[in-house]
file upload-v3.pdb (PDB, C-alpha atoms, pLDDT in the B column)
MODEL        1
ATOM      1  CA  VAL A   1      15.990  63.360 -21.456  1.00 52.00           C
ATOM      2  CA  TYR A   2      13.107  60.881 -21.528  1.00 55.00           C
ATOM      3  CA  VAL A   3      10.880  63.214 -19.548  1.00 51.00           C
ATOM      4  CA  CYS A   4      11.252  66.275 -21.759  1.00 54.00           C
ATOM      5  CA  VAL A   5      10.755  64.400 -25.005  1.00 52.00           C
ATOM      6  CA  TYR A   6       7.932  62.253 -23.651  1.00 56.00           C
ATOM      7  CA  VAL A   7       5.999  65.158 -22.150  1.00 53.00           C
ATOM      8  CA  SER A   8       6.517  67.229 -25.294  1.00 55.00           C
ATOM      9  CA  LEU A   9       5.268  64.409 -27.479  1.00 54.00           C
ATOM     10  CA  CYS A  10       2.233  63.807 -25.294  1.00 56.00           C
ATOM     11  CA  PHE A  11       1.206  67.452 -25.472  1.00 53.00           C
ATOM     12  CA  VAL A  12       1.965  67.732 -29.183  1.00 51.00           C
ATOM     13  CA  GLY A  13       0.050  64.537 -29.860  1.00 49.00           C
ATOM     14  CA  LYS A  14      -3.020  65.787 -27.952  1.00 52.00           C
ATOM     15  CA  THR A  15      -3.282  69.255 -29.450  1.00 51.00           C
ATOM     16  CA  PRO A  16      -5.408  69.634 -32.533  1.00 52.00           C
ATOM     17  CA  GLN A  17      -3.253  69.519 -35.623  1.00 52.00           C
ATOM     18  CA  LYS A  18      -3.930  70.120 -39.266  1.00 53.00           C
ATOM     19  CA  HIS A  19      -1.494  67.345 -40.124  1.00 51.00           C
ATOM     20  CA  SER A  20      -2.489  63.989 -41.423  1.00 60.00           C
ATOM     21  CA  LEU A  21      -3.147  60.913 -39.332  1.00 67.00           C
ATOM     22  CA  THR A  22       0.334  59.639 -40.106  1.00 83.00           C
ATOM     23  CA  PHE A  23       1.797  62.493 -38.042  1.00 84.00           C
ATOM     24  CA  THR A  24      -0.247  61.376 -35.031  1.00 85.00           C
ATOM     25  CA  GLN A  25       0.775  57.796 -35.649  1.00 86.00           C
ATOM     26  CA  ARG A  26       4.435  58.819 -35.761  1.00 86.00           C
ATOM     27  CA  ILE A  27       4.075  60.698 -32.480  1.00 88.00           C
ATOM     28  CA  ALA A  28       2.447  57.635 -30.897  1.00 88.00           C
ATOM     29  CA  ALA A  29       5.239  55.385 -32.180  1.00 87.00           C
ATOM     30  CA  ILE A  30       7.903  57.708 -30.765  1.00 88.00           C
ATOM     31  CA  ALA A  31       6.084  57.889 -27.408  1.00 87.00           C
ATOM     32  CA  ASP A  32       5.849  54.082 -27.340  1.00 91.00           C
ATOM     33  CA  THR A  33       9.569  53.780 -28.074  1.00 91.00           C
ATOM     34  CA  LEU A  34      10.415  56.199 -25.265  1.00 91.00           C
ATOM     35  CA  GLU A  35       8.134  54.323 -22.871  1.00 92.00           C
ATOM     36  CA  GLU A  36       9.781  51.002 -23.768  1.00 94.00           C
ATOM     37  CA  GLY A  37      13.194  52.586 -23.175  1.00 94.00           C
ATOM     38  CA  LEU A  38      12.074  53.838 -19.770  1.00 94.00           C
ATOM     39  CA  GLN A  39      10.758  50.378 -18.893  1.00 94.00           C
ATOM     40  CA  ARG A  40      14.047  48.765 -19.966  1.00 96.00           C
ATOM     41  CA  SER A  41      16.041  51.294 -17.954  1.00 95.00           C
ATOM     42  CA  PHE A  42      13.876  50.711 -14.884  1.00 95.00           C
ATOM     43  CA  VAL A  43      14.216  46.915 -14.986  1.00 94.00           C
ATOM     44  CA  GLN A  44      17.947  47.161 -15.709  1.00 95.00           C
ATOM     45  CA  ALA A  45      18.430  49.580 -12.798  1.00 94.00           C
ATOM     46  CA  ILE A  46      16.637  47.159 -10.472  1.00 92.00           C
ATOM     47  CA  THR A  47      18.564  44.093 -11.601  1.00 90.00           C
ATOM     48  CA  SER A  48      21.950  45.851 -11.610  1.00 92.00           C
ATOM     49  CA  HIS A  49      21.267  47.650  -8.291  1.00 89.00           C
ATOM     50  CA  ASP A  50      22.082  51.013  -9.899  1.00 91.00           C
ATOM     51  CA  LEU A  51      20.620  53.452  -7.372  1.00 90.00           C
ATOM     52  CA  LEU A  52      21.257  56.584  -9.444  1.00 92.00           C
ATOM     53  CA  SER A  53      19.505  55.194 -12.535  1.00 93.00           C
ATOM     54  CA  LEU A  54      16.705  53.828 -10.381  1.00 92.00           C
ATOM     55  CA  LYS A  55      16.076  57.246  -8.844  1.00 92.00           C
ATOM     56  CA  GLN A  56      16.092  58.843 -12.288  1.00 93.00           C
ATOM     57  CA  CYS A  57      13.571  56.311 -13.596  1.00 93.00           C
ATOM     58  CA  LEU A  58      11.315  56.785 -10.574  1.00 92.00           C
ATOM     59  CA  ARG A  59      11.454  60.568 -10.969  1.00 91.00           C
ATOM     60  CA  THR A  60      10.524  60.185 -14.621  1.00 92.00           C
ATOM     61  CA  TYR A  61       7.567  57.940 -13.785  1.00 92.00           C
ATOM     62  CA  ALA A  62       6.415  60.437 -11.154  1.00 90.00           C
ATOM     63  CA  ILE A  63       6.768  63.447 -13.472  1.00 90.00           C
ATOM     64  CA  ILE A  64       4.769  61.851 -16.278  1.00 90.00           C
ATOM     65  CA  ASP A  65       2.184  60.663 -13.723  1.00 89.00           C
ATOM     66  CA  ARG A  66       2.802  56.960 -14.320  1.00 91.00           C
ATOM     67  CA  VAL A  67       3.583  55.799 -10.778  1.00 90.00           C
ATOM     68  CA  GLY A  68       1.168  52.894 -11.150  1.00 92.00           C
ATOM     69  CA  ASP A  69       2.923  51.772 -14.333  1.00 94.00           C
ATOM     70  CA  ALA A  70       6.239  51.511 -12.467  1.00 93.00           C
ATOM     71  CA  GLU A  71       4.608  49.452  -9.726  1.00 93.00           C
ATOM     72  CA  VAL A  72       2.953  47.141 -12.262  1.00 94.00           C
ATOM     73  CA  LEU A  73       6.228  46.736 -14.143  1.00 95.00           C
ATOM     74  CA  PHE A  74       8.026  45.836 -10.901  1.00 94.00           C
ATOM     75  CA  ARG A  75       5.261  43.380 -10.074  1.00 93.00           C
ATOM     76  CA  HIS A  76       5.420  41.634 -13.446  1.00 93.00           C
ATOM     77  CA  SER A  77       9.179  41.684 -13.997  1.00 92.00           C
ATOM     78  CA  VAL A  78      10.496  40.990 -10.496  1.00 91.00           C
ATOM     79  CA  VAL A  79       7.831  39.933  -8.006  1.00 91.00           C
ATOM     80  CA  GLN A  80       6.028  37.396 -10.209  1.00 89.00           C
ATOM     81  CA  LEU A  81       9.343  35.809 -11.148  1.00 88.00           C
ATOM     82  CA  PHE A  82      10.264  35.457  -7.481  1.00 87.00           C
ATOM     83  CA  MET A  83       6.880  34.003  -6.588  1.00 85.00           C
ATOM     84  CA  GLN A  84       7.003  31.463  -9.405  1.00 81.00           C
ATOM     85  CA  GLN A  85      10.519  30.345  -8.463  1.00 77.00           C
ATOM     86  CA  CYS A  86      10.251  30.289  -4.683  1.00 76.00           C
ATOM     87  CA  ILE A  87       6.614  29.733  -3.780  1.00 73.00           C
ATOM     88  CA  SER A  88       4.888  26.598  -5.014  1.00 69.00           C
ATOM     89  CA  LYS A  89       2.302  24.155  -3.780  1.00 67.00           C
ATOM     90  CA  GLU A  90       5.078  21.743  -2.809  1.00 68.00           C
ATOM     91  CA  SER A  91       6.977  24.408  -0.888  1.00 64.00           C
ATOM     92  CA  VAL A  92       4.075  25.044   1.487  1.00 61.00           C
ATOM     93  CA  GLN A  93       3.744  21.382   2.456  1.00 63.00           C
ATOM     94  CA  PRO A  94       3.223  20.216   5.181  1.00 61.00           C
ATOM     95  CA  PRO A  95       0.426  22.621   6.056  1.00 57.00           C
ATOM     96  CA  GLY A  96       1.442  25.047   8.747  1.00 55.00           C
ATOM     97  CA  LYS A  97       5.233  24.886   8.805  1.00 65.00           C
ATOM     98  CA  GLY A  98       5.609  25.091   5.026  1.00 67.00           C
ATOM     99  CA  LEU A  99       3.275  28.061   4.918  1.00 70.00           C
ATOM    100  CA  VAL A 100       5.241  29.882   7.607  1.00 74.00           C
ATOM    101  CA  GLU A 101       8.456  29.266   5.651  1.00 78.00           C
ATOM    102  CA  ALA A 102       6.785  30.575   2.485  1.00 77.00           C
ATOM    103  CA  TYR A 103       5.803  33.793   4.255  1.00 79.00           C
ATOM    104  CA  ASP A 104       9.316  34.045   5.714  1.00 83.00           C
ATOM    105  CA  ARG A 105      10.713  33.872   2.152  1.00 84.00           C
ATOM    106  CA  VAL A 106       8.327  36.645   1.081  1.00 85.00           C
ATOM    107  CA  LEU A 107       9.386  38.822   4.018  1.00 87.00           C
ATOM    108  CA  ALA A 108      13.060  38.145   3.231  1.00 88.00           C
ATOM    109  CA  PHE A 109      12.349  39.133  -0.392  1.00 87.00           C
ATOM    110  CA  VAL A 110      10.799  42.401   0.784  1.00 88.00           C
ATOM    111  CA  ASP A 111      13.791  43.092   3.054  1.00 87.00           C
ATOM    112  CA  ASP A 112      16.434  42.141   0.475  1.00 84.00           C
ATOM    113  CA  SER A 113      15.059  42.857  -2.982  1.00 81.00           C
ATOM    114  CA  CYS A 114      12.827  45.804  -2.172  1.00 84.00           C
ATOM    115  CA  ALA A 115      15.169  47.705   0.153  1.00 86.00           C
ATOM    116  CA  GLN A 116      16.961  49.619  -2.595  1.00 86.00           C
ATOM    117  CA  LEU A 117      13.700  50.318  -4.363  1.00 87.00           C
ATOM    118  CA  ARG A 118      12.105  51.635  -1.167  1.00 84.00           C
ATOM    119  CA  SER A 119      15.071  53.899  -0.408  1.00 84.00           C
ATOM    120  CA  ALA A 120      15.143  55.202  -3.988  1.00 86.00           C
ATOM    121  CA  SER A 121      11.403  55.882  -4.000  1.00 83.00           C
ATOM    122  CA  ALA A 122      11.585  57.616  -0.621  1.00 81.00           C
ATOM    123  CA  SER A 123      14.073  60.139  -2.001  1.00 75.00           C
ATOM    124  CA  THR A 124      12.122  60.865  -5.206  1.00 69.00           C
ATOM    125  CA  ILE A 125       8.960  62.880  -5.727  1.00 71.00           C
ATOM    126  CA  GLY A 126       6.873  60.223  -3.991  1.00 73.00           C
ATOM    127  CA  GLY A 127       3.653  58.351  -4.432  1.00 82.00           C
ATOM    128  CA  PHE A 128       5.272  54.928  -4.780  1.00 87.00           C
ATOM    129  CA  ASP A 129       4.373  51.999  -2.545  1.00 87.00           C
ATOM    130  CA  PHE A 130       5.874  48.925  -4.136  1.00 89.00           C
ATOM    131  CA  VAL A 131       5.260  46.588  -1.210  1.00 87.00           C
ATOM    132  CA  VAL A 132       1.542  47.336  -1.022  1.00 88.00           C
ATOM    133  CA  ASN A 133       0.873  47.696  -4.748  1.00 89.00           C
ATOM    134  CA  ALA A 134       3.249  45.096  -6.210  1.00 89.00           C
ATOM    135  CA  VAL A 135       4.275  42.504  -3.616  1.00 88.00           C
ATOM    136  CA  TRP A 136       1.099  42.080  -1.579  1.00 87.00           C
ATOM    137  CA  PRO A 137      -1.241  41.549  -4.573  1.00 86.00           C
ATOM    138  CA  GLU A 138       1.079  38.789  -5.811  1.00 85.00           C
ATOM    139  CA  VAL A 139       1.107  37.139  -2.385  1.00 81.00           C
ATOM    140  CA  ARG A 140      -2.681  37.257  -2.244  1.00 79.00           C
ATOM    141  CA  GLY A 141      -2.885  35.877  -5.771  1.00 75.00           C
ATOM    142  CA  MET A 142      -0.801  32.769  -5.118  1.00 71.00           C
ATOM    143  CA  PRO A 143      -3.245  29.822  -5.037  1.00 60.00           C
ATOM    144  CA  CYS A 144      -0.827  27.684  -3.023  1.00 58.00           C
ATOM    145  CA  LEU A 145      -0.935  30.263  -0.226  1.00 53.00           C
ATOM    146  CA  ASP A 146      -4.711  30.009   0.072  1.00 53.00           C
ATOM    147  CA  GLN A 147      -4.486  28.433   3.482  1.00 51.00           C
ATOM    148  CA  PRO A 148      -6.090  29.308   6.831  1.00 49.00           C
ATOM    149  CA  LEU A 149      -3.183  31.640   7.708  1.00 48.00           C
ATOM    150  CA  THR A 150      -3.831  33.640   4.547  1.00 50.00           C
ATOM    151  CA  ARG A 151      -7.517  33.956   5.379  1.00 50.00           C
ATOM    152  CA  ALA A 152      -6.613  35.058   8.889  1.00 51.00           C
ATOM    153  CA  ALA A 153      -4.228  37.690   7.489  1.00 55.00           C
ATOM    154  CA  GLN A 154      -6.974  38.934   5.173  1.00 55.00           C
ATOM    155  CA  SER A 155      -9.348  39.236   8.139  1.00 50.00           C
ATOM    156  CA  VAL A 156      -6.772  41.251  10.071  1.00 48.00           C
ATOM    157  CA  GLN A 157      -6.298  43.453   7.017  1.00 52.00           C
ATOM    158  CA  ARG A 158     -10.029  44.142   6.740  1.00 53.00           C
ATOM    159  CA  CYS A 159     -10.515  44.838  10.461  1.00 49.00           C
ATOM    160  CA  PHE A 160      -7.274  46.711  11.189  1.00 49.00           C
ATOM    161  CA  PRO A 161      -5.899  48.056   7.889  1.00 53.00           C
ATOM    162  CA  HIS A 162      -3.477  50.555   9.495  1.00 54.00           C
ATOM    163  CA  PHE A 163      -2.009  47.870  11.760  1.00 50.00           C
ATOM    164  CA  PHE A 164      -1.705  45.480   8.843  1.00 48.00           C
ATOM    165  CA  LEU A 165      -0.002  47.956   6.489  1.00 55.00           C
ATOM    166  CA  LYS A 166       2.352  49.087   9.240  1.00 57.00           C
ATOM    167  CA  ASN A 167       3.494  45.555  10.048  1.00 53.00           C
ATOM    168  CA  PHE A 168       3.280  43.869   6.670  1.00 54.00           C
TER     169      PHE A 168
ENDMDL
END

call {"tool": "encode", "arguments": {"input": "upload-v3.pdb", "output": "structure tokens"}}
result
Amino acid sequence: VYVCVYVSLCFVGKTPQKHSLTFTQRIAAIADTLEEGLQRSFVQAITSHDLLSLKQCLRTYAIIDRVGDAEVLFRHSVVQLFMQQCISKESVQPPGKGLVEAYDRVLAFVDDSCAQLRSASASTIGGFDFVVNAVWPEVRGMPCLDQPLTRAAQSVQRCFPHFFLKNF
């Protein structure tokens, strides 16, 4: 339902019209409302582990060519929350062991929290890579993880990107 109405409104809103500006504003408001509903449905499907709704949301994002928006929404609504709750400067102390435990928590998060999302995105139209585009940027952005191991991982990523993406 979201897809048909959203796509229709996007095309209607972009075609030249003889109507007033208020018509265009109304179309934009309706499109914004539909987009907010899709975002709510996506986050609710993730939090409630509703695979059918999750697949429907991912298909909708793919059809309207907003794959990146879904990844950003996942990053901001799920991944950032996890990082703020589980990864802190205190949690990576002492250097070395604490950092390894922090990375173990991130890997456990990817295995546990991203498994349903990965399986749902694999069975949809495609183009989604939530681990690379949502989880990894958050890991790299955590200042408390800016330790020698992180720099070493970044070096491996630059020198051997296929190996790095395959294993991480």

call {"tool": "closest_residue", "arguments": {"input": "upload-v3.pdb", "among": "A:Leu99, A:Gln44, A:Asp32, A:Val110", "to": "A:Val132", "atoms": "all atoms listed in the file"}}
result
A:Val110

call {"tool": "closest_residue", "arguments": {"input": "upload-v3.pdb", "among": "A:Leu81, A:Ile125, A:Phe130, A:Tyr103", "to": "A:Gln56", "atoms": "all atoms listed in the file"}}
result
A:Ile125

call {"tool": "closest_residue", "arguments": {"input": "upload-v3.pdb", "among": "A:Leu38, A:Ala28, A:Leu58, A:Ala45", "to": "A:Ala122", "atoms": "only C-alpha atoms"}}
result
A:Leu58

call {"tool": "resolve_selection", "arguments": {"input": "upload-v3.pdb", "expression": "the PyMOL selection byres ((chain A and resi 60-76) around 10)", "output": "NGL selection string"}}
result
:A and (1-4 or 6-7 or 10 or 35 or 38-40 or 42-43 or 46 or 54-59 or 77-82 or 114 or 117 or 121 or 124-138)

call {"tool": "atom_distance", "arguments": {"input": "upload-v3.pdb", "atom1": "atom CA of A:Leu107", "atom2": "atom CA of A:Val139"}}
result
10.6 Å

call {"tool": "atom_distance", "arguments": {"input": "upload-v3.pdb", "atom1": "atom CA of A:Glu36", "atom2": "atom CA of A:Arg140"}}
result
28.4 Å

call {"tool": "atom_distance", "arguments": {"input": "upload-v3.pdb", "atom1": "atom CA of A:Asp112", "atom2": "atom CA of A:Met83"}}
result
14.4 Å

call {"tool": "closest_residue", "arguments": {"input": "upload-v3.pdb", "among": "A:Arg26, A:Gly141, A:Asp111, A:Arg118", "to": "A:Gln84", "atoms": "all atoms listed in the file"}}
result
A:Gly141

call {"tool": "closest_residue", "arguments": {"input": "upload-v3.pdb", "among": "A:Ala115, A:Cys86, A:Leu51, A:Ala120", "to": "A:Glu101", "atoms": "all atoms listed in the file"}}
result
A:Cys86
